$ cat protein05.cif   # mmCIF, C-alpha atoms and all ligand atoms
data_upload
loop_
_atom_site.label_atom_id
_atom_site.label_comp_id
_atom_site.auth_asym_id
_atom_site.auth_seq_id
_atom_site.Cartn_x
_atom_site.Cartn_y
_atom_site.Cartn_z
CA MET A 1 0.00 -4.97 30.27
CA ARG A 2 3.01 -6.28 28.46
CA THR A 3 3.36 -8.24 25.24
CA GLN A 4 6.02 -8.89 22.65
CA VAL A 5 4.17 -7.42 19.66
CA GLY A 6 1.37 -4.87 19.91
CA ILE A 7 -0.82 -5.00 16.82
CA PHE A 8 -3.11 -2.17 15.72
CA GLY A 9 -6.06 -3.46 13.70
CA ALA A 10 -8.07 -6.69 13.54
CA GLY A 11 -8.30 -6.96 9.77
CA PRO A 12 -6.68 -9.77 7.78
CA ALA A 13 -3.18 -8.30 8.28
CA GLY A 14 -3.33 -7.84 12.05
CA LEU A 15 -5.12 -11.11 12.77
CA MET A 16 -2.90 -13.18 10.47
CA LEU A 17 0.21 -11.58 11.95
CA SER A 18 -0.98 -12.45 15.45
CA HIS A 19 -1.71 -16.02 14.33
CA LEU A 20 1.68 -16.50 12.61
CA LEU A 21 3.52 -15.05 15.61
CA HIS A 22 1.61 -17.40 17.91
CA LEU A 23 2.74 -20.36 15.79
CA ALA A 24 6.31 -19.12 16.25
CA GLY A 25 5.81 -18.94 20.02
CA ILE A 26 5.59 -15.13 20.12
CA GLU A 27 2.92 -13.28 22.11
CA SER A 28 0.89 -10.44 20.74
CA ILE A 29 -2.16 -8.34 21.59
CA VAL A 30 -4.43 -7.10 18.82
CA ILE A 31 -6.30 -3.84 19.41
CA GLU A 32 -9.24 -2.77 17.28
CA ASN A 33 -11.45 0.28 17.57
CA ARG A 34 -14.46 -1.35 15.92
CA SER A 35 -16.63 -4.11 17.36
CA ARG A 36 -16.20 -7.80 16.58
CA GLU A 37 -19.56 -7.76 14.72
CA TYR A 38 -18.43 -4.85 12.56
CA ILE A 39 -15.15 -6.39 11.41
CA GLU A 40 -16.82 -9.73 10.75
CA GLN A 41 -19.53 -8.20 8.54
CA ARG A 42 -17.43 -5.67 6.59
CA ILE A 43 -17.81 -6.65 2.93
CA ARG A 44 -14.63 -6.58 0.90
CA ALA A 45 -13.30 -8.46 -2.13
CA GLY A 46 -13.23 -12.22 -2.04
CA LEU A 47 -10.37 -13.53 -4.09
CA ILE A 48 -7.37 -15.29 -2.56
CA GLU A 49 -4.14 -16.01 -4.41
CA GLN A 50 -2.87 -19.61 -4.49
CA TRP A 51 0.04 -19.16 -2.05
CA ALA A 52 -2.26 -17.35 0.42
CA THR A 53 -4.85 -20.14 0.17
CA ASP A 54 -2.03 -22.60 0.90
CA MET A 55 -0.83 -20.49 3.82
CA LEU A 56 -4.32 -20.43 5.38
CA THR A 57 -4.53 -24.21 5.06
CA GLU A 58 -0.97 -24.97 6.17
CA THR A 59 -1.26 -22.77 9.26
CA GLY A 60 -4.51 -24.38 10.37
CA VAL A 61 -7.06 -21.67 9.58
CA GLY A 62 -8.30 -23.01 6.24
CA GLU A 63 -10.71 -25.70 7.36
CA ARG A 64 -13.98 -23.81 6.67
CA MET A 65 -12.48 -22.30 3.52
CA GLU A 66 -11.67 -25.79 2.22
CA ARG A 67 -15.32 -26.74 2.74
CA GLU A 68 -17.13 -23.58 1.65
CA ALA A 69 -14.91 -21.69 -0.77
CA MET A 70 -15.01 -22.02 -4.53
CA PHE A 71 -11.76 -23.00 -6.22
CA HIS A 72 -11.34 -21.70 -9.75
CA ASP A 73 -8.86 -22.63 -12.45
CA GLY A 74 -9.39 -19.47 -14.48
CA SER A 75 -11.45 -16.35 -15.19
CA HIS A 76 -13.33 -14.93 -18.17
CA LEU A 77 -12.76 -11.77 -20.14
CA CYS A 78 -15.77 -10.32 -21.92
CA PHE A 79 -15.53 -7.61 -24.58
CA ASP A 80 -16.90 -6.80 -27.99
CA GLY A 81 -19.79 -9.23 -27.54
CA SER A 82 -17.82 -12.37 -26.75
CA THR A 83 -16.31 -14.11 -23.75
CA HIS A 84 -12.89 -15.77 -23.50
CA GLN A 85 -11.61 -18.02 -20.73
CA VAL A 86 -8.06 -17.71 -19.45
CA ASN A 87 -7.13 -20.98 -17.79
CA PHE A 88 -4.57 -20.13 -15.11
CA ARG A 89 -4.08 -23.73 -14.04
CA GLU A 90 -3.03 -24.81 -17.55
CA LEU A 91 -0.77 -21.77 -17.91
CA VAL A 92 1.00 -21.60 -14.55
CA GLY A 93 -0.28 -24.60 -12.57
CA LYS A 94 -2.11 -22.42 -10.02
CA GLY A 95 -5.67 -21.29 -9.39
CA ILE A 96 -7.54 -18.84 -7.19
CA THR A 97 -9.96 -19.18 -4.29
CA VAL A 98 -13.22 -17.27 -4.06
CA TYR A 99 -13.96 -16.74 -0.35
CA GLY A 100 -15.06 -13.42 1.17
CA GLN A 101 -12.50 -11.43 3.11
CA GLN A 102 -14.86 -11.23 6.08
CA GLU A 103 -14.94 -15.04 6.16
CA VAL A 104 -11.14 -15.07 6.47
CA VAL A 105 -11.48 -12.51 9.27
CA LYS A 106 -14.09 -14.66 11.08
CA ASP A 107 -11.91 -17.77 10.80
CA LEU A 108 -8.86 -15.90 12.13
CA VAL A 109 -10.78 -14.34 15.05
CA ASP A 110 -12.17 -17.77 16.01
CA ARG A 111 -8.76 -19.33 15.83
CA ARG A 112 -6.97 -16.60 17.79
CA LEU A 113 -9.57 -16.76 20.56
CA ALA A 114 -9.48 -20.58 20.63
CA ASP A 115 -5.68 -20.38 20.98
CA GLY A 116 -6.02 -18.01 23.93
CA GLY A 117 -5.04 -14.95 21.89
CA GLN A 118 -5.98 -11.47 23.06
CA ILE A 119 -8.03 -9.20 20.85
CA LEU A 120 -9.32 -6.01 22.46
CA PHE A 121 -12.33 -4.73 20.52
CA GLU A 122 -13.87 -1.25 20.71
CA VAL A 123 -10.76 0.43 22.08
CA ASP A 124 -10.50 4.22 22.03
CA ASN A 125 -7.83 6.92 22.21
CA THR A 126 -5.19 4.62 20.79
CA ALA A 127 -1.63 5.91 20.36
CA ALA A 128 1.82 4.42 19.70
CA HIS A 129 4.72 5.92 21.67
CA ASP A 130 8.53 5.78 21.74
CA CYS A 131 8.73 3.78 18.51
CA HIS A 132 12.33 4.92 18.08
CA THR A 133 13.45 3.29 21.29
CA ASP A 134 13.59 -0.43 22.07
CA LYS A 135 10.72 0.04 24.54
CA PRO A 136 7.76 1.23 22.50
CA PHE A 137 4.35 1.27 24.12
CA ILE A 138 0.70 1.69 23.27
CA THR A 139 -1.90 3.64 25.20
CA LEU A 140 -5.63 3.16 24.84
CA THR A 141 -8.95 3.22 26.61
CA HIS A 142 -10.81 -0.07 26.92
CA ASP A 143 -14.01 -0.66 28.90
CA GLY A 144 -13.72 2.88 30.25
CA LYS A 145 -10.20 2.28 31.64
CA ASP A 146 -6.97 3.85 30.41
CA GLN A 147 -4.38 1.18 29.72
CA ARG A 148 -0.77 0.94 28.65
CA ILE A 149 0.74 -1.96 26.73
CA ASP A 150 4.53 -2.22 26.75
CA CYS A 151 5.90 -4.04 23.70
CA ASP A 152 9.08 -4.94 21.86
CA PHE A 153 7.52 -4.15 18.47
CA ILE A 154 4.41 -2.41 17.17
CA ALA A 155 2.64 -3.44 13.96
CA GLY A 156 0.42 -0.89 12.23
CA CYS A 157 -2.22 -3.02 10.51
CA ASP A 158 -4.85 -0.34 11.05
CA GLY A 159 -5.77 0.51 7.48
CA PHE A 160 -5.54 3.60 5.35
CA HIS A 161 -7.22 5.83 7.96
CA GLY A 162 -5.34 4.33 10.92
CA ILE A 163 -3.20 6.21 13.42
CA CYS A 164 0.09 4.35 12.87
CA ARG A 165 1.19 5.92 9.60
CA PRO A 166 0.68 9.48 10.94
CA THR A 167 2.88 8.49 13.92
CA PHE A 168 5.96 8.39 11.65
CA PRO A 169 8.29 11.36 12.19
CA GLU A 170 7.66 14.42 10.07
CA GLY A 171 9.24 14.04 6.62
CA ALA A 172 10.07 10.35 7.11
CA LEU A 173 7.60 9.12 4.50
CA THR A 174 7.30 9.55 0.76
CA PHE A 175 3.80 9.12 -0.66
CA TYR A 176 2.81 7.93 -4.12
CA ASP A 177 -0.83 8.45 -4.92
CA ARG A 178 -3.25 8.21 -7.83
CA GLU A 179 -6.99 8.69 -7.78
CA TYR A 180 -9.23 7.31 -10.50
CA PRO A 181 -12.10 9.28 -12.01
CA PHE A 182 -14.62 6.51 -11.29
CA GLY A 183 -15.76 4.15 -8.56
CA TRP A 184 -17.41 0.73 -8.26
CA LEU A 185 -20.99 0.10 -7.28
CA GLY A 186 -20.80 -3.24 -5.45
CA ILE A 187 -23.97 -5.33 -5.30
CA LEU A 188 -24.81 -8.47 -3.36
CA SER A 189 -27.65 -10.37 -5.00
CA GLU A 190 -29.61 -13.41 -3.94
CA SER A 191 -29.21 -15.12 -7.31
CA PRO A 192 -27.06 -17.85 -8.80
CA PRO A 193 -23.61 -16.52 -9.72
CA PRO A 194 -21.99 -17.19 -13.11
CA ASP A 195 -22.03 -20.94 -13.62
CA ASP A 196 -18.31 -21.41 -13.09
CA GLU A 197 -15.78 -18.59 -13.04
CA LEU A 198 -15.62 -14.80 -12.68
CA ILE A 199 -16.34 -12.56 -15.65
CA TYR A 200 -14.51 -9.25 -16.16
CA ALA A 201 -16.30 -7.17 -18.81
CA TYR A 202 -15.22 -4.18 -20.82
CA HIS A 203 -18.06 -2.24 -22.42
CA PRO A 204 -18.34 1.26 -23.93
CA THR A 205 -20.70 2.23 -21.06
CA GLY A 206 -18.22 1.02 -18.44
CA PHE A 207 -16.67 -1.95 -16.66
CA ALA A 208 -18.66 -4.74 -15.00
CA LEU A 209 -17.57 -7.73 -12.92
CA TYR A 210 -19.65 -10.80 -12.20
CA THR A 211 -18.34 -12.75 -9.22
CA MET A 212 -19.78 -14.69 -6.30
CA ARG A 213 -19.83 -15.46 -2.61
CA THR A 214 -21.75 -18.75 -2.47
CA PRO A 215 -23.60 -20.92 -5.00
CA THR A 216 -26.72 -18.84 -4.30
CA LEU A 217 -25.17 -15.41 -3.74
CA ALA A 218 -23.78 -13.36 -6.62
CA ARG A 219 -21.47 -10.37 -6.15
CA LEU A 220 -21.57 -7.86 -8.99
CA TYR A 221 -19.74 -4.63 -9.64
CA LEU A 222 -20.45 -1.77 -12.04
CA GLN A 223 -18.19 1.15 -12.93
CA VAL A 224 -19.94 4.36 -11.82
CA ASP A 225 -18.89 8.00 -11.24
CA TYR A 226 -16.41 8.36 -8.37
CA ASP A 227 -18.86 10.49 -6.35
CA GLU A 228 -21.96 8.48 -7.30
CA ASP A 229 -24.70 8.04 -4.72
CA ALA A 230 -25.74 4.37 -4.62
CA ASN A 231 -29.34 5.54 -4.17
CA ASN A 232 -29.28 6.80 -7.77
CA TRP A 233 -29.13 3.17 -8.80
CA SER A 234 -32.53 1.53 -8.58
CA ASP A 235 -32.66 -2.25 -8.85
CA ASN A 236 -34.03 -1.89 -12.39
CA ARG A 237 -31.20 0.39 -13.44
CA ILE A 238 -28.63 -1.98 -11.93
CA TRP A 239 -29.94 -5.04 -13.75
CA GLU A 240 -30.40 -3.15 -16.99
CA GLN A 241 -26.76 -2.01 -16.95
CA LEU A 242 -25.49 -5.42 -15.90
CA HIS A 243 -27.29 -7.03 -18.83
CA VAL A 244 -25.87 -4.44 -21.23
CA ARG A 245 -22.29 -4.64 -19.97
CA LEU A 246 -22.19 -8.40 -19.58
CA GLY A 247 -23.93 -8.88 -22.93
CA GLY A 248 -22.52 -11.84 -24.78
CA THR A 249 -21.83 -13.74 -21.56
CA ARG A 250 -23.85 -16.63 -20.26
CA LYS A 251 -27.26 -15.78 -18.95
CA LEU A 252 -27.21 -13.33 -16.07
CA GLN A 253 -29.81 -14.36 -13.51
CA GLU A 254 -31.54 -11.59 -11.61
CA GLY A 255 -32.32 -11.81 -7.91
CA LYS A 256 -33.12 -9.77 -4.82
CA ILE A 257 -30.48 -7.10 -4.18
CA LEU A 258 -29.42 -7.46 -0.55
CA GLN A 259 -26.82 -4.73 -0.36
CA LYS A 260 -25.26 -2.04 -2.53
CA GLY A 261 -22.54 0.55 -1.98
CA VAL A 262 -20.00 2.66 -3.88
CA THR A 263 -16.24 2.24 -3.41
CA ALA A 264 -13.80 4.91 -4.55
CA MET A 265 -10.68 3.74 -6.36
CA ARG A 266 -7.15 4.78 -5.63
CA SER A 267 -3.55 3.63 -5.83
CA PHE A 268 -1.41 4.63 -2.86
CA VAL A 269 2.00 3.62 -1.49
CA CYS A 270 4.00 5.08 1.39
CA GLU A 271 7.68 4.40 1.75
CA PRO A 272 9.34 3.14 3.88
CA MET A 273 7.03 0.78 5.75
CA ARG A 274 9.06 0.98 8.95
CA SER A 275 10.06 3.60 11.47
CA GLY A 276 12.19 2.27 14.34
CA ARG A 277 10.16 -0.48 15.98
CA LEU A 278 6.93 0.44 14.23
CA PHE A 279 6.15 -1.65 11.12
CA LEU A 280 3.26 -0.97 8.74
CA ALA A 281 1.45 -3.80 6.96
CA GLY A 282 -1.52 -3.90 4.58
CA ASP A 283 -3.72 -0.91 3.80
CA SER A 284 -1.95 1.36 6.29
CA ALA A 285 0.97 1.36 3.83
CA HIS A 286 -0.66 0.78 0.45
CA ILE A 287 -4.00 0.77 -1.34
CA VAL A 288 -4.66 -0.80 -4.72
CA PRO A 289 -7.72 -0.21 -6.91
CA PRO A 290 -9.96 -3.28 -6.55
CA THR A 291 -9.59 -4.64 -10.10
CA GLY A 292 -7.82 -7.97 -9.62
CA ALA A 293 -8.53 -8.01 -5.85
CA LYS A 294 -4.95 -7.68 -4.63
CA GLY A 295 -5.64 -5.76 -1.38
CA MET A 296 -5.97 -8.62 1.10
CA ASN A 297 -3.35 -10.68 -0.71
CA LEU A 298 -0.78 -7.91 -0.29
CA ALA A 299 -1.71 -7.54 3.37
CA LEU A 300 -1.13 -11.26 3.91
CA ALA A 301 2.18 -11.09 2.03
CA ASP A 302 3.36 -8.23 4.28
CA VAL A 303 2.63 -10.14 7.48
CA LYS A 304 4.17 -13.33 6.15
CA MET A 305 7.41 -11.31 5.85
CA LEU A 306 6.96 -9.42 9.12
CA SER A 307 6.25 -12.53 11.17
CA ARG A 308 9.39 -14.18 9.77
CA ALA A 309 11.50 -11.13 10.50
CA ILE A 310 10.23 -10.86 14.09
CA ALA A 311 10.60 -14.61 14.68
CA ASP A 312 14.17 -14.47 13.35
CA PHE A 313 14.93 -11.61 15.72
CA TYR A 314 13.74 -13.55 18.79
CA ARG A 315 15.56 -16.67 17.64
CA SER A 316 18.92 -15.14 16.78
CA ARG A 317 18.78 -11.46 17.85
CA ARG A 318 19.68 -10.67 14.25
CA THR A 319 17.95 -7.70 12.67
CA ASP A 320 18.67 -8.30 8.95
CA LEU A 321 15.13 -9.38 8.10
CA LEU A 322 13.65 -6.51 10.12
CA ASP A 323 16.00 -4.12 8.35
CA SER A 324 15.08 -5.42 4.90
CA TYR A 325 11.32 -5.77 5.67
CA SER A 326 10.27 -2.55 3.97
CA ASP A 327 12.33 -3.07 0.79
CA THR A 328 11.26 -6.70 0.50
CA CYS A 329 7.56 -5.85 0.83
CA LEU A 330 7.72 -2.82 -1.44
CA LYS A 331 9.06 -4.90 -4.32
CA ARG A 332 5.93 -7.02 -4.25
CA VAL A 333 3.70 -4.04 -3.46
CA TRP A 334 4.85 -2.14 -6.55
CA LYS A 335 4.35 -5.15 -8.81
CA ALA A 336 0.80 -5.52 -7.46
CA GLN A 337 0.30 -1.78 -7.88
CA ARG A 338 1.35 -2.03 -11.49
CA PHE A 339 -0.87 -5.05 -12.09
CA SER A 340 -3.93 -3.46 -10.42
CA TRP A 341 -3.43 -0.21 -12.36
CA TRP A 342 -3.02 -2.20 -15.59
CA MET A 343 -6.20 -4.25 -15.00
CA THR A 344 -8.02 -1.03 -14.13
CA GLN A 345 -6.91 0.90 -17.18
CA ILE A 346 -7.69 -1.79 -19.73
CA PHE A 347 -11.20 -2.47 -18.42
CA HIS A 348 -12.56 0.99 -17.51
CA VAL A 349 -13.94 3.81 -19.59
CA PHE A 350 -12.13 7.04 -18.67
CA PRO A 351 -13.91 10.41 -18.89
CA ASN A 352 -12.78 12.36 -21.95
CA GLU A 353 -11.11 9.32 -23.39
CA VAL A 354 -10.50 9.55 -27.10
CA SER A 355 -11.28 6.94 -29.73
CA PHE A 356 -7.58 6.02 -29.81
CA ASP A 357 -7.77 4.84 -26.18
CA ARG A 358 -10.82 2.69 -26.87
CA ARG A 359 -9.14 0.98 -29.83
CA ARG A 360 -5.99 0.47 -27.77
CA GLN A 361 -7.98 -1.13 -24.93
CA LEU A 362 -9.77 -3.44 -27.34
CA ALA A 363 -6.47 -4.38 -28.99
CA GLU A 364 -5.01 -5.19 -25.58
CA LEU A 365 -8.01 -7.35 -24.66
CA ASP A 366 -7.88 -9.09 -28.04
CA TYR A 367 -4.17 -9.75 -27.51
CA LEU A 368 -4.92 -11.18 -24.04
CA ALA A 369 -7.71 -13.35 -25.38
CA HIS A 370 -5.52 -14.91 -28.06
CA SER A 371 -1.87 -14.84 -26.96
CA THR A 372 -0.53 -17.56 -24.68
CA ALA A 373 2.37 -15.26 -23.73
CA ALA A 374 0.00 -12.47 -22.63
CA GLN A 375 -2.24 -14.92 -20.79
CA THR A 376 0.71 -16.47 -18.96
CA SER A 377 1.72 -13.07 -17.65
CA LEU A 378 -1.86 -12.40 -16.51
CA ALA A 379 -2.11 -15.85 -14.91
CA GLU A 380 1.19 -15.49 -13.04
CA GLN A 381 0.17 -12.16 -11.53
CA TYR A 382 -3.50 -12.94 -10.95
CA THR A 383 -2.82 -16.18 -9.05
CA GLY A 384 0.01 -14.51 -7.09
CA LEU A 385 3.63 -13.82 -7.93
CA PRO A 386 6.20 -16.14 -6.39
CA PHE A 387 8.16 -14.85 -3.39
CA ASP A 388 11.87 -14.10 -3.92
C1 LIG B 401 -13.89 -9.81 -6.41
C2 LIG B 401 -13.47 -8.51 -6.36
C3 LIG B 401 -12.53 -8.07 -7.26
O1 LIG B 401 -12.10 -6.81 -7.21
C4 LIG B 401 -12.01 -8.90 -8.21
O2 LIG B 401 -11.11 -8.44 -9.09
C5 LIG B 401 -12.42 -10.20 -8.26
C6 LIG B 401 -13.37 -10.65 -7.34
C7 LIG B 401 -14.92 -10.29 -5.45
O3 LIG B 401 -15.39 -9.49 -4.64
O4 LIG B 401 -15.28 -11.48 -5.50
#
$ encode --input "protein05.cif" --output "structure tokens"
Amino acid sequence: MRTQVGIFGAGPAGLMLSHLLHLAGIESIVIENRSREYIEQRIRAGLIEQWATDMLTETGVGERMEREAMFHDGSHLCFDGSTHQVNFRELVGKGITVYGQQEVVKDLVDRRLADGGQILFEVDNTAAHDCHTDKPFITLTHDGKDQRIDCDFIAGCDGFHGICRPTFPEGALTFYDREYPFGWLGILSESPPPDDELIYAYHPTGFALYTMRTPTLARLYLQVDYDEDANNWSDNRIWEQLHVRLGGTRKLQEGKILQKGVTAMRSFVCEPMRSGRLFLAGDSAHIVPPTGAKGMNLALADVKMLSRAIADFYRSRRTDLLDSYSDTCLKRVWKAQRFSWWMTQIFHVFPNEVSFDRRRQLAELDYLAHSTAAQTSLAEQYTGLPFD
């Protein structure tokens, strides 16, 4: 087989890249080691920045989102027994979209297949070769047959555990890493979500987040120990803690818990995001802690840049945008890293934290709740920083 761009991974980064390249008249093949069902069911965060919402709509994959998503002007902060709204639209003229990541994935898969795109699911033994030449190629096993795909470029959109990052030459990468001493218990509940917007809560027993998927499906998160077993959390314990931590907010309605699981939290960046003709995008190059839900947004930002750089190369044979891809992405990545770390550290209770830290966190939240300057900074970052 031969294609222009071989793409590892059918998550939001790989699928969106394939879609954007298609719109620019460039062929690609997406390879994915999981099944279509698996990638379409995988529950992740569900918050899309304004520019990314616009990009989905403008590139023709936003039709179901426009119908089914919830569009919010702001979010709520809850601490010390009261709740405060931050209205992003009034502050920066932008909002956010609440629409599950797996819904974006479904819409992109449908669109790629309708446009005649190739996605090979359940591939095995994948490897990227000769990335330092101008004839890189991929090998894999699909339907029991060994195959080779010759490409001009390879995109590693295969997540944190993917094979593309380890393909970089020894010593070529610098890693920046931070683990957090807690995790999130994520819960999907058949109950009405908060009546309008998300609620982020700081409480002495830990962070809680009240968000949603549909008007009848609430998504809730609780700070738990990083190695917590979700089975230690009975439905009663979950609701009891949610009531405590979201105390002072509007009434929390209980419902049947459909799914629960623990997510570890980490910050991770590898630099650079390119080696020869192999380009990393999304979680293969960086992970943010979930507070603020920047993961998918960063992945989409990477492929917006990568698709432009590749399209410019085919149009003009110039390599400037390919050469600056890593630096351009990393500027945004580090700002999102800083924002996600900042959101995480003001809302979570750290083990062994001293009373000074608690007072500092409360002072920061109080400042956010009452200062237009602080809220504007939050709004600008939460709804998505502008592109340079
Ligand atoms: C969601 C997840 C987040 O981490 C967040 O900050 C906001 C919303 C969500 O799953 O809806």
$ closest_residue --input "protein05.cif" --among "A:Leu322, A:Cys270, A:Ile310, A:Leu246" --to "A:His286" --atoms "only C-alpha atoms"
A:Cys270
$ residues_near_ligand --input "protein05.cif" --ligand "ligand LIG 401 (chain B)" --cutoff "8 Å" --atoms "only C-alpha atoms and all ligand atoms" --output "list in words"
Arg44, Ala45, Gly46, Leu47, Val98, Tyr99, Gly100, Leu198, Tyr200, Leu209, Tyr210, Thr211, Met212, Arg213, Arg219, Leu220, Pro289, Pro290, Thr291, Gly292, Ala293 and Lys294 of chain A
$ write_last_selection --input "protein05.cif" --atoms "C-alpha atoms" --output "PDB file, in the frame of the given file"
ATOM      1  CA  ARG A  44     -14.630  -6.580   0.900  1.00  0.00           C
ATOM      2  CA  ALA A  45     -13.300  -8.460  -2.130  1.00  0.00           C
ATOM      3  CA  GLY A  46     -13.230 -12.220  -2.040  1.00  0.00           C
ATOM      4  CA  LEU A  47     -10.370 -13.530  -4.090  1.00  0.00           C
ATOM      5  CA  VAL A  98     -13.220 -17.270  -4.060  1.00  0.00           C
ATOM      6  CA  TYR A  99     -13.960 -16.740  -0.350  1.00  0.00           C
ATOM      7  CA  GLY A 100     -15.060 -13.420   1.170  1.00  0.00           C
ATOM      8  CA  LEU A 198     -15.620 -14.800 -12.680  1.00  0.00           C
ATOM      9  CA  TYR A 200     -14.510  -9.250 -16.160  1.00  0.00           C
ATOM     10  CA  LEU A 209     -17.570  -7.730 -12.920  1.00  0.00           C
ATOM     11  CA  TYR A 210     -19.650 -10.800 -12.200  1.00  0.00           C
ATOM     12  CA  THR A 211     -18.340 -12.750  -9.220  1.00  0.00           C
ATOM     13  CA  MET A 212     -19.780 -14.690  -6.300  1.00  0.00           C
ATOM     14  CA  ARG A 213     -19.830 -15.460  -2.610  1.00  0.00           C
ATOM     15  CA  ARG A 219     -21.470 -10.370  -6.150  1.00  0.00           C
ATOM     16  CA  LEU A 220     -21.570  -7.860  -8.990  1.00  0.00           C
ATOM     17  CA  PRO A 289      -7.720  -0.210  -6.910  1.00  0.00           C
ATOM     18  CA  PRO A 290      -9.960  -3.280  -6.550  1.00  0.00           C
ATOM     19  CA  THR A 291      -9.590  -4.640 -10.100  1.00  0.00           C
ATOM     20  CA  GLY A 292      -7.820  -7.970  -9.620  1.00  0.00           C
ATOM     21  CA  ALA A 293      -8.530  -8.010  -5.850  1.00  0.00           C
ATOM     22  CA  LYS A 294      -4.950  -7.680  -4.630  1.00  0.00           C
TER      23      LYS A 294
END
$ atom_distance --input "protein05.cif" --atom1 "atom CA of A:Tyr202" --atom2 "atom CA of A:Thr344"
10.3 Å
$ residues_around --input "protein05.cif" --residues "A:Leu140" --least-positions-apart "6" --cutoff "10 Å" --atoms "all atoms listed in the file" --output "number ranges by chain"
A: 31, 33, 123-128, 146-149
$ write_last_selection --input "protein05.cif" --atoms "C-alpha atoms" --output "mmCIF file, keeping the file's coordinate frame"
data_model
loop_
_atom_site.group_PDB
_atom_site.id
_atom_site.type_symbol
_atom_site.label_atom_id
_atom_site.label_comp_id
_atom_site.auth_asym_id
_atom_site.auth_seq_id
_atom_site.Cartn_x
_atom_site.Cartn_y
_atom_site.Cartn_z
ATOM 1 C CA ILE A 31 -6.300 -3.840 19.410
ATOM 2 C CA ASN A 33 -11.450 0.280 17.570
ATOM 3 C CA VAL A 123 -10.760 0.430 22.080
ATOM 4 C CA ASP A 124 -10.500 4.220 22.030
ATOM 5 C CA ASN A 125 -7.830 6.920 22.210
ATOM 6 C CA THR A 126 -5.190 4.620 20.790
ATOM 7 C CA ALA A 127 -1.630 5.910 20.360
ATOM 8 C CA ALA A 128 1.820 4.420 19.700
ATOM 9 C CA ASP A 146 -6.970 3.850 30.410
ATOM 10 C CA GLN A 147 -4.380 1.180 29.720
ATOM 11 C CA ARG A 148 -0.770 0.940 28.650
ATOM 12 C CA ILE A 149 0.740 -1.960 26.730
#
$ atom_distance --input "protein05.cif" --atom1 "atom CA of A:Ile257" --atom2 "atom CA of A:Gly183"
19.0 Å
$ atom_distance --input "protein05.cif" --atom1 "atom CA of A:Glu271" --atom2 "atom CA of A:Gly9"
19.8 Å
$ residues_around --input "protein05.cif" --residues "A:Asp357" --least-positions-apart "4" --cutoff "12 Å" --atoms "all atoms listed in the file" --output "list in words"
Pro204, Gln345, Ile346, Phe347, His348, Val349, Phe350, Pro351, Asn352, Glu353, Gln361, Leu362, Ala363 and Glu364 of chain A
$ residues_around --input "protein05.cif" --residues "stretch 41-43 of chain A" --least-positions-apart "4" --cutoff "8 Å" --atoms "all atoms listed in the file" --output "PyMOL selection string"
chain A and resi 37+100-102
$ residues_around --input "protein05.cif" --residues "A:Gly60" --least-positions-apart "6" --cutoff "10 Å" --atoms "all atoms listed in the file" --output "ChimeraX atom specification"
/A:19,23,54,107-108,111
$ closest_residue --input "protein05.cif" --among "A:Ile199, A:Ile119, A:Leu185, A:Leu242" --to "A:Gly261" --atoms "only C-alpha atoms"
A:Leu185
$ decode --input "protein05.cif" --residues "stretch 250-257 of chain A" --atoms "N, CA, C and O atoms" --output "PDB file, in the first residue's frame"
ATOM      1  N   ARG A 250     -26.603  24.160  43.909  1.00  0.00           N
ATOM      2  CA  ARG A 250     -27.993  23.752  43.705  1.00  0.00           C
ATOM      3  C   ARG A 250     -28.169  22.279  43.979  1.00  0.00           C
ATOM      4  O   ARG A 250     -27.207  21.538  44.000  1.00  0.00           O
ATOM      5  N   LYS A 251     -29.408  21.862  44.092  1.00  0.00           N
ATOM      6  CA  LYS A 251     -29.671  20.499  44.522  1.00  0.00           C
ATOM      7  C   LYS A 251     -29.041  19.474  43.579  1.00  0.00           C
ATOM      8  O   LYS A 251     -29.172  19.549  42.365  1.00  0.00           O
ATOM      9  N   LEU A 252     -28.315  18.547  44.185  1.00  0.00           N
ATOM     10  CA  LEU A 252     -27.704  17.464  43.423  1.00  0.00           C
ATOM     11  C   LEU A 252     -28.698  16.309  43.369  1.00  0.00           C
ATOM     12  O   LEU A 252     -29.091  15.778  44.392  1.00  0.00           O
ATOM     13  N   GLN A 253     -29.102  15.935  42.158  1.00  0.00           N
ATOM     14  CA  GLN A 253     -30.088  14.856  42.044  1.00  0.00           C
ATOM     15  C   GLN A 253     -29.388  13.508  41.872  1.00  0.00           C
ATOM     16  O   GLN A 253     -28.529  13.366  41.014  1.00  0.00           O
ATOM     17  N   GLU A 254     -29.799  12.554  42.686  1.00  0.00           N
ATOM     18  CA  GLU A 254     -29.183  11.230  42.595  1.00  0.00           C
ATOM     19  C   GLU A 254     -29.834  10.407  41.480  1.00  0.00           C
ATOM     20  O   GLU A 254     -30.964  10.673  41.099  1.00  0.00           O
ATOM     21  N   GLY A 255     -29.107   9.432  40.985  1.00  0.00           N
ATOM     22  CA  GLY A 255     -29.655   8.563  39.948  1.00  0.00           C
ATOM     23  C   GLY A 255     -28.870   7.272  39.909  1.00  0.00           C
ATOM     24  O   GLY A 255     -27.941   7.072  40.704  1.00  0.00           O
ATOM     25  N   LYS A 256     -29.234   6.401  38.974  1.00  0.00           N
ATOM     26  CA  LYS A 256     -28.553   5.109  38.853  1.00  0.00           C
ATOM     27  C   LYS A 256     -27.134   5.332  38.304  1.00  0.00           C
ATOM     28  O   LYS A 256     -26.960   6.017  37.288  1.00  0.00           O
ATOM     29  N   ILE A 257     -26.151   4.749  38.984  1.00  0.00           N
ATOM     30  CA  ILE A 257     -24.769   4.888  38.507  1.00  0.00           C
ATOM     31  C   ILE A 257     -24.511   3.844  37.428  1.00  0.00           C
ATOM     32  O   ILE A 257     -24.600   2.636  37.667  1.00  0.00           O
TER      33      ILE A 257
END
